[in-house]
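*Asks:* Got a file for you: protein10.cif, mmCIF, N, CA and C atoms.
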data_protein
#
loop_
_atom_site.label_atom_id
_atom_site.label_comp_id
_atom_site.auth_asym_id
_atom_site.auth_seq_id
_atom_site.Cartn_x
_atom_site.Cartn_y
_atom_site.Cartn_z
N MET A 1 30.93 -13.13 100.32
CA MET A 1 29.99 -12.05 100.57
C MET A 1 30.13 -11.68 102.05
N THR A 2 30.32 -10.39 102.31
CA THR A 2 30.46 -9.93 103.69
C THR A 2 29.09 -9.80 104.34
N ALA A 3 29.10 -9.57 105.64
CA ALA A 3 27.83 -9.44 106.37
C ALA A 3 27.03 -8.24 105.88
N THR A 4 27.71 -7.15 105.58
CA THR A 4 27.02 -5.94 105.10
C THR A 4 26.38 -6.20 103.74
N GLU A 5 27.13 -6.86 102.86
CA GLU A 5 26.57 -7.17 101.54
C GLU A 5 25.39 -8.12 101.66
N ARG A 6 25.50 -9.08 102.58
CA ARG A 6 24.41 -10.02 102.80
C ARG A 6 23.16 -9.29 103.30
N GLU A 7 23.36 -8.33 104.19
CA GLU A 7 22.24 -7.56 104.72
C GLU A 7 21.59 -6.72 103.61
N LYS A 8 22.42 -6.08 102.79
CA LYS A 8 21.89 -5.29 101.68
C LYS A 8 21.13 -6.17 100.69
N ALA A 9 21.68 -7.35 100.42
CA ALA A 9 21.01 -8.26 99.50
C ALA A 9 19.68 -8.73 100.07
N GLY A 10 19.62 -8.97 101.37
CA GLY A 10 18.37 -9.37 102.01
C GLY A 10 17.32 -8.28 101.93
N LEU A 11 17.73 -7.04 102.14
CA LEU A 11 16.79 -5.91 102.02
C LEU A 11 16.32 -5.76 100.58
N ALA A 12 17.23 -5.94 99.64
CA ALA A 12 16.87 -5.84 98.22
C ALA A 12 15.84 -6.90 97.84
N LEU A 13 16.06 -8.13 98.31
CA LEU A 13 15.10 -9.19 98.02
C LEU A 13 13.74 -8.90 98.66
N GLY A 14 13.75 -8.28 99.83
CA GLY A 14 12.50 -7.88 100.48
C GLY A 14 11.73 -6.86 99.65
N ARG A 15 12.46 -5.90 99.06
CA ARG A 15 11.80 -4.90 98.21
C ARG A 15 11.20 -5.54 96.96
N VAL A 16 11.92 -6.50 96.39
CA VAL A 16 11.42 -7.19 95.19
C VAL A 16 10.16 -7.98 95.54
N GLN A 17 10.20 -8.68 96.66
CA GLN A 17 9.05 -9.48 97.07
C GLN A 17 7.83 -8.59 97.35
N ALA A 18 8.07 -7.43 97.97
CA ALA A 18 6.96 -6.50 98.25
C ALA A 18 6.34 -5.98 96.95
N ALA A 19 7.19 -5.66 95.98
CA ALA A 19 6.68 -5.19 94.68
C ALA A 19 5.89 -6.28 93.98
N ARG A 20 6.38 -7.51 94.04
CA ARG A 20 5.69 -8.64 93.41
C ARG A 20 4.32 -8.86 94.04
N GLU A 21 4.28 -8.85 95.37
CA GLU A 21 3.00 -9.06 96.07
C GLU A 21 2.02 -7.93 95.77
N LYS A 22 2.51 -6.71 95.70
CA LYS A 22 1.65 -5.57 95.40
C LYS A 22 1.07 -5.70 93.99
N ALA A 23 1.89 -6.15 93.05
CA ALA A 23 1.43 -6.30 91.66
C ALA A 23 0.40 -7.43 91.53
N LEU A 24 0.47 -8.41 92.41
CA LEU A 24 -0.46 -9.54 92.33
C LEU A 24 -1.77 -9.29 93.05
N GLN A 25 -1.88 -8.17 93.74
CA GLN A 25 -3.14 -7.85 94.41
C GLN A 25 -4.21 -7.56 93.36
N PRO A 26 -5.50 -7.64 93.76
CA PRO A 26 -6.57 -7.45 92.78
C PRO A 26 -6.52 -6.12 92.02
N ASP A 27 -6.12 -5.02 92.68
CA ASP A 27 -6.04 -3.75 91.96
C ASP A 27 -4.83 -3.71 91.03
N GLY A 28 -3.80 -4.48 91.35
CA GLY A 28 -2.64 -4.62 90.46
C GLY A 28 -1.91 -3.32 90.17
N LEU A 29 -1.84 -2.43 91.12
CA LEU A 29 -1.22 -1.13 90.91
C LEU A 29 0.29 -1.27 90.82
N ILE A 30 0.85 -0.90 89.68
CA ILE A 30 2.29 -0.92 89.48
C ILE A 30 2.71 0.53 89.21
N THR A 31 3.54 1.06 90.07
CA THR A 31 3.98 2.44 89.94
C THR A 31 5.41 2.48 89.39
N PRO A 32 5.79 3.61 88.82
CA PRO A 32 7.18 3.74 88.37
C PRO A 32 8.18 3.59 89.51
N SER A 33 7.79 3.98 90.71
CA SER A 33 8.71 3.83 91.84
C SER A 33 8.93 2.36 92.18
N MET A 34 7.90 1.53 91.98
CA MET A 34 8.07 0.09 92.19
C MET A 34 9.07 -0.47 91.19
N GLU A 35 8.95 -0.06 89.95
CA GLU A 35 9.89 -0.53 88.93
C GLU A 35 11.31 -0.10 89.27
N THR A 36 11.45 1.15 89.72
CA THR A 36 12.77 1.66 90.11
C THR A 36 13.33 0.88 91.29
N ASP A 37 12.49 0.58 92.27
CA ASP A 37 12.94 -0.20 93.43
C ASP A 37 13.46 -1.57 93.00
N VAL A 38 12.74 -2.20 92.09
CA VAL A 38 13.15 -3.54 91.63
C VAL A 38 14.47 -3.45 90.85
N GLN A 39 14.61 -2.43 90.01
CA GLN A 39 15.85 -2.27 89.25
C GLN A 39 17.03 -1.99 90.18
N ASN A 40 16.81 -1.14 91.19
CA ASN A 40 17.87 -0.85 92.15
C ASN A 40 18.23 -2.09 92.96
N ALA A 41 17.22 -2.87 93.32
CA ALA A 41 17.47 -4.12 94.06
C ALA A 41 18.29 -5.08 93.20
N LEU A 42 18.00 -5.11 91.92
CA LEU A 42 18.74 -5.98 91.01
C LEU A 42 20.21 -5.57 90.96
N LEU A 43 20.47 -4.27 90.91
CA LEU A 43 21.85 -3.79 90.90
C LEU A 43 22.58 -4.16 92.20
N VAL A 44 21.89 -4.01 93.32
CA VAL A 44 22.48 -4.36 94.62
C VAL A 44 22.82 -5.85 94.65
N LEU A 45 21.91 -6.68 94.16
CA LEU A 45 22.15 -8.12 94.16
C LEU A 45 23.33 -8.49 93.27
N LYS A 46 23.44 -7.84 92.13
CA LYS A 46 24.57 -8.14 91.23
C LYS A 46 25.89 -7.71 91.87
N ARG A 47 25.90 -6.54 92.50
CA ARG A 47 27.13 -6.05 93.14
C ARG A 47 27.53 -6.90 94.33
N SER A 48 26.56 -7.44 95.03
CA SER A 48 26.88 -8.18 96.25
C SER A 48 27.38 -9.59 95.96
N GLY A 49 27.33 -10.02 94.72
CA GLY A 49 27.80 -11.35 94.38
C GLY A 49 26.80 -12.43 94.72
N CYS A 50 25.54 -12.10 94.65
CA CYS A 50 24.47 -13.05 94.96
C CYS A 50 24.48 -14.18 93.93
N ARG A 51 23.92 -15.31 94.31
CA ARG A 51 23.88 -16.47 93.41
C ARG A 51 23.17 -16.12 92.10
N GLY A 52 23.63 -16.75 91.05
CA GLY A 52 23.11 -16.47 89.72
C GLY A 52 21.63 -16.76 89.54
N ASP A 53 21.14 -17.84 90.16
CA ASP A 53 19.73 -18.17 89.99
C ASP A 53 18.83 -17.14 90.65
N VAL A 54 19.27 -16.55 91.74
CA VAL A 54 18.48 -15.50 92.41
C VAL A 54 18.44 -14.25 91.54
N VAL A 55 19.59 -13.90 90.98
CA VAL A 55 19.65 -12.71 90.12
C VAL A 55 18.76 -12.91 88.88
N GLN A 56 18.79 -14.10 88.30
CA GLN A 56 17.95 -14.37 87.13
C GLN A 56 16.47 -14.28 87.47
N ARG A 57 16.10 -14.76 88.63
CA ARG A 57 14.69 -14.70 89.05
C ARG A 57 14.26 -13.24 89.21
N VAL A 58 15.11 -12.42 89.82
CA VAL A 58 14.78 -11.01 90.00
C VAL A 58 14.73 -10.31 88.65
N GLU A 59 15.59 -10.68 87.72
CA GLU A 59 15.54 -10.11 86.37
C GLU A 59 14.22 -10.43 85.69
N ARG A 60 13.74 -11.67 85.85
CA ARG A 60 12.44 -12.05 85.26
C ARG A 60 11.30 -11.27 85.90
N ILE A 61 11.36 -11.07 87.22
CA ILE A 61 10.33 -10.29 87.90
C ILE A 61 10.35 -8.85 87.41
N ALA A 62 11.54 -8.27 87.26
CA ALA A 62 11.66 -6.89 86.78
C ALA A 62 11.10 -6.73 85.38
N ALA A 63 11.43 -7.67 84.50
CA ALA A 63 10.94 -7.60 83.12
C ALA A 63 9.43 -7.75 83.08
N THR A 64 8.89 -8.63 83.89
CA THR A 64 7.44 -8.86 83.92
C THR A 64 6.71 -7.63 84.45
N LEU A 65 7.23 -7.03 85.51
CA LEU A 65 6.61 -5.81 86.04
C LEU A 65 6.63 -4.68 85.01
N PHE A 66 7.74 -4.57 84.28
CA PHE A 66 7.85 -3.56 83.23
C PHE A 66 6.78 -3.77 82.17
N LEU A 67 6.64 -5.02 81.71
CA LEU A 67 5.64 -5.31 80.68
C LEU A 67 4.22 -5.10 81.19
N MET A 68 3.98 -5.45 82.46
CA MET A 68 2.64 -5.24 83.03
C MET A 68 2.29 -3.76 83.08
N ALA A 69 3.26 -2.94 83.48
CA ALA A 69 3.01 -1.50 83.56
C ALA A 69 2.72 -0.92 82.18
N ARG A 70 3.49 -1.34 81.17
CA ARG A 70 3.27 -0.83 79.81
C ARG A 70 1.94 -1.33 79.24
N ALA A 71 1.59 -2.57 79.52
CA ALA A 71 0.33 -3.12 79.02
C ALA A 71 -0.85 -2.38 79.63
N LYS A 72 -0.77 -2.10 80.92
CA LYS A 72 -1.87 -1.38 81.58
C LYS A 72 -1.98 0.05 81.03
N ALA A 73 -0.84 0.69 80.83
CA ALA A 73 -0.84 2.07 80.32
C ALA A 73 -1.36 2.15 78.89
N ASN A 74 -1.13 1.12 78.11
CA ASN A 74 -1.54 1.13 76.71
C ASN A 74 -2.86 0.42 76.46
N GLY A 75 -3.56 0.04 77.52
CA GLY A 75 -4.88 -0.57 77.36
C GLY A 75 -4.84 -1.95 76.72
N ARG A 76 -3.90 -2.78 77.13
CA ARG A 76 -3.77 -4.12 76.57
C ARG A 76 -4.07 -5.14 77.67
N PRO A 77 -5.36 -5.39 77.96
CA PRO A 77 -5.71 -6.26 79.09
C PRO A 77 -5.24 -7.71 78.93
N ASN A 78 -5.23 -8.23 77.72
CA ASN A 78 -4.78 -9.62 77.54
C ASN A 78 -3.30 -9.77 77.87
N LEU A 79 -2.50 -8.82 77.40
CA LEU A 79 -1.06 -8.86 77.71
C LEU A 79 -0.84 -8.69 79.20
N TYR A 80 -1.59 -7.77 79.80
CA TYR A 80 -1.48 -7.53 81.24
C TYR A 80 -1.80 -8.81 82.02
N ASN A 81 -2.89 -9.46 81.66
CA ASN A 81 -3.30 -10.68 82.37
C ASN A 81 -2.30 -11.83 82.17
N SER A 82 -1.76 -11.95 80.98
CA SER A 82 -0.78 -13.02 80.74
C SER A 82 0.50 -12.77 81.53
N GLN A 83 0.91 -11.51 81.64
CA GLN A 83 2.11 -11.19 82.42
C GLN A 83 1.84 -11.37 83.92
N ARG A 84 0.64 -11.08 84.33
CA ARG A 84 0.29 -11.28 85.73
C ARG A 84 0.33 -12.77 86.09
N LEU A 85 -0.14 -13.60 85.17
CA LEU A 85 -0.07 -15.05 85.36
C LEU A 85 1.40 -15.50 85.42
N ARG A 86 2.21 -14.95 84.55
CA ARG A 86 3.65 -15.28 84.56
C ARG A 86 4.28 -14.87 85.89
N LEU A 87 3.89 -13.72 86.41
CA LEU A 87 4.45 -13.25 87.67
C LEU A 87 4.08 -14.18 88.82
N ARG A 88 2.87 -14.73 88.77
CA ARG A 88 2.46 -15.71 89.79
C ARG A 88 3.34 -16.95 89.76
N GLN A 89 3.75 -17.34 88.56
CA GLN A 89 4.52 -18.57 88.40
C GLN A 89 5.99 -18.40 88.76
N ILE A 90 6.47 -17.18 88.77
CA ILE A 90 7.90 -16.93 89.08
C ILE A 90 8.13 -17.17 90.56
#
Let me see the structure of the file written as structure tokens.

*Replies:*
Amino acid sequence: MTATEREKAGLALGRVQAAREKALQPDGLITPSMETDVQNALLVLKRSGCRGDVVQRVERIAATLFLMARAKANGRPNLYNSQRLRLRQI
């Protein structure tokens, strides 16, 4: 991994962490742009040759954020809360 790829991967991980922290706040606001940021970060990490365990963790975060957004939009508080708990554990 080159220095540029390492820098891009670090920025991508920062975006994922920011989205995760925002989702765990009491208001739990998850926007489509947050989901897009996480998906784009995942692509950057895959292209940069990042370690597999890091990519898998980001994939789990992306899937959980997606489910949380859909649960909130569809009025499913139990599913939303269970996914929020899962996000805390990741």

*Asks:* Write out as an mmCIF file with N, CA and C atoms, keeping the file's coordinate frame each polymer residue whose atoms come within 7 Å of range 11-25 of chain A, counting only N, CA and C atoms; drop sequence neighbours fewer than 5 positions from it.

*Replies:*
data_model
loop_
_atom_site.group_PDB
_atom_site.id
_atom_site.type_symbol
_atom_site.label_atom_id
_atom_site.label_comp_id
_atom_site.auth_asym_id
_atom_site.auth_seq_id
_atom_site.Cartn_x
_atom_site.Cartn_y
_atom_site.Cartn_z
ATOM 1 N N ARG A 6 25.500 -9.080 102.580
ATOM 2 C CA ARG A 6 24.410 -10.020 102.800
ATOM 3 C C ARG A 6 23.160 -9.290 103.300
ATOM 4 N N ILE A 30 0.850 -0.900 89.680
ATOM 5 C CA ILE A 30 2.290 -0.920 89.480
ATOM 6 C C ILE A 30 2.710 0.530 89.210
ATOM 7 N N MET A 34 7.900 1.530 91.980
ATOM 8 C CA MET A 34 8.070 0.090 92.190
ATOM 9 C C MET A 34 9.070 -0.470 91.190
ATOM 10 N N ASP A 37 12.490 0.580 92.270
ATOM 11 C CA ASP A 37 12.940 -0.200 93.430
ATOM 12 C C ASP A 37 13.460 -1.570 93.000
ATOM 13 N N VAL A 38 12.740 -2.200 92.090
ATOM 14 C CA VAL A 38 13.150 -3.540 91.630
ATOM 15 C C VAL A 38 14.470 -3.450 90.850
ATOM 16 N N ASN A 40 16.810 -1.140 91.190
ATOM 17 C CA ASN A 40 17.870 -0.850 92.150
ATOM 18 C C ASN A 40 18.230 -2.090 92.960
ATOM 19 N N ALA A 41 17.220 -2.870 93.320
ATOM 20 C CA ALA A 41 17.470 -4.120 94.060
ATOM 21 C C ALA A 41 18.290 -5.080 93.200
ATOM 22 N N LEU A 42 18.000 -5.110 91.920
ATOM 23 C CA LEU A 42 18.740 -5.980 91.010
ATOM 24 C C LEU A 42 20.210 -5.570 90.960
ATOM 25 N N VAL A 44 21.890 -4.010 93.320
ATOM 26 C CA VAL A 44 22.480 -4.360 94.620
ATOM 27 C C VAL A 44 22.820 -5.850 94.650
ATOM 28 N N LEU A 45 21.910 -6.680 94.160
ATOM 29 C CA LEU A 45 22.150 -8.120 94.160
ATOM 30 C C LEU A 45 23.330 -8.490 93.270
ATOM 31 N N ARG A 84 0.640 -11.080 84.330
ATOM 32 C CA ARG A 84 0.290 -11.280 85.730
ATOM 33 C C ARG A 84 0.330 -12.770 86.090
#

*Asks:* So the first atom is atom N of Gly49 in chain A and the second is CA of Glu5 in chain A; what is the distance between them in Å, to one decimal place?

*Replies:*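 CA of Glu5 in chain A lies 7.4 Å from atom N of Gly49 in chain A.
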
*Asks:* Quote the spacing between CA of Gly75 in chain A and CA of Val58 in chain A in Å to one decimal place.

*Replies:* 25.6 Å

*Asks:* Atom C of Glu35 in chain A and atom C of Ala63 in chain A are how many Å apart?

*Replies:*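 These two atoms are separated by 10.0 Å.
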
*Asks:* Please list, as a PyMOL selection string, the residues that have an atom at most 7 Å away from (7.5, 0.7, 87.3) in the coordinates of this file, counting all atoms listed in the file.

*Replies:* chain A and resi 30-36+65-66+69

*Asks:* Apply the PyMOL selection byres (((chain A and resi 2 and name CA) around 12) and name CA) to the structure shown and report the selected residues as a PDB file with N, CA and C atoms, keeping the file's coordinate frame.

*Replies:*
ATOM      1  N   MET A   1      30.930 -13.130 100.320  1.00  0.00           N
ATOM      2  CA  MET A   1      29.990 -12.050 100.570  1.00  0.00           C
ATOM      3  C   MET A   1      30.130 -11.680 102.050  1.00  0.00           C
ATOM      4  N   ALA A   3      29.100  -9.570 105.640  1.00  0.00           N
ATOM      5  CA  ALA A   3      27.830  -9.440 106.370  1.00  0.00           C
ATOM      6  C   ALA A   3      27.030  -8.240 105.880  1.00  0.00           C
ATOM      7  N   THR A   4      27.710  -7.150 105.580  1.00  0.00           N
ATOM      8  CA  THR A   4      27.020  -5.940 105.100  1.00  0.00           C
ATOM      9  C   THR A   4      26.380  -6.200 103.740  1.00  0.00           C
ATOM     10  N   GLU A   5      27.130  -6.860 102.860  1.00  0.00           N
ATOM     11  CA  GLU A   5      26.570  -7.170 101.540  1.00  0.00           C
ATOM     12  C   GLU A   5      25.390  -8.120 101.660  1.00  0.00           C
ATOM     13  N   ARG A   6      25.500  -9.080 102.580  1.00  0.00           N
ATOM     14  CA  ARG A   6      24.410 -10.020 102.800  1.00  0.00           C
ATOM     15  C   ARG A   6      23.160  -9.290 103.300  1.00  0.00           C
ATOM     16  N   GLU A   7      23.360  -8.330 104.190  1.00  0.00           N
ATOM     17  CA  GLU A   7      22.240  -7.560 104.720  1.00  0.00           C
ATOM     18  C   GLU A   7      21.590  -6.720 103.610  1.00  0.00           C
ATOM     19  N   LYS A   8      22.420  -6.080 102.790  1.00  0.00           N
ATOM     20  CA  LYS A   8      21.890  -5.290 101.680  1.00  0.00           C
ATOM     21  C   LYS A   8      21.130  -6.170 100.690  1.00  0.00           C
ATOM     22  N   ALA A   9      21.680  -7.350 100.420  1.00  0.00           N
ATOM     23  CA  ALA A   9      21.010  -8.260  99.500  1.00  0.00           C
ATOM     24  C   ALA A   9      19.680  -8.730 100.070  1.00  0.00           C
ATOM     25  N   ARG A  47      25.900  -6.540  92.500  1.00  0.00           N
ATOM     26  CA  ARG A  47      27.130  -6.050  93.140  1.00  0.00           C
ATOM     27  C   ARG A  47      27.530  -6.900  94.330  1.00  0.00           C
ATOM     28  N   SER A  48      26.560  -7.440  95.030  1.00  0.00           N
ATOM     29  CA  SER A  48      26.880  -8.180  96.250  1.00  0.00           C
ATOM     30  C   SER A  48      27.380  -9.590  95.960  1.00  0.00           C
ATOM     31  N   GLY A  49      27.330 -10.020  94.720  1.00  0.00           N
ATOM     32  CA  GLY A  49      27.800 -11.350  94.380  1.00  0.00           C
ATOM     33  C   GLY A  49      26.800 -12.430  94.720  1.00  0.00           C
ATOM     34  N   CYS A  50      25.540 -12.100  94.650  1.00  0.00           N
ATOM     35  CA  CYS A  50      24.470 -13.050  94.960  1.00  0.00           C
ATOM     36  C   CYS A  50      24.480 -14.180  93.930  1.00  0.00           C
TER      37      CYS A  50
END

*Asks:* I'd like to know which residues of chain A are alpha helix (DSSP H) (by DSSP, run on the backbone); could you write them as number ranges by chain?

*Replies:* A: 3-24, 32-48, 52-73, 77-89

*Asks:* Take the PyMOL selection byres (((chain A and resi 85 and name CA) around 12) and name CA), apply it to the structure above, and return the hits as a PyMOL selection string.

*Replies:* chain A and resi 20+23-25+28+61+64-65+68+78-84+86-90

*Asks:* A:Arg70, A:Arg60, A:Pro77, A:Val55: which is nearest Leu43 in chain A, counting only C-alpha atoms?

*Replies:*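 Comparing A:Arg70, A:Arg60, A:Pro77, A:Val55 against Leu43 in chain A, the winner is A:Val55.
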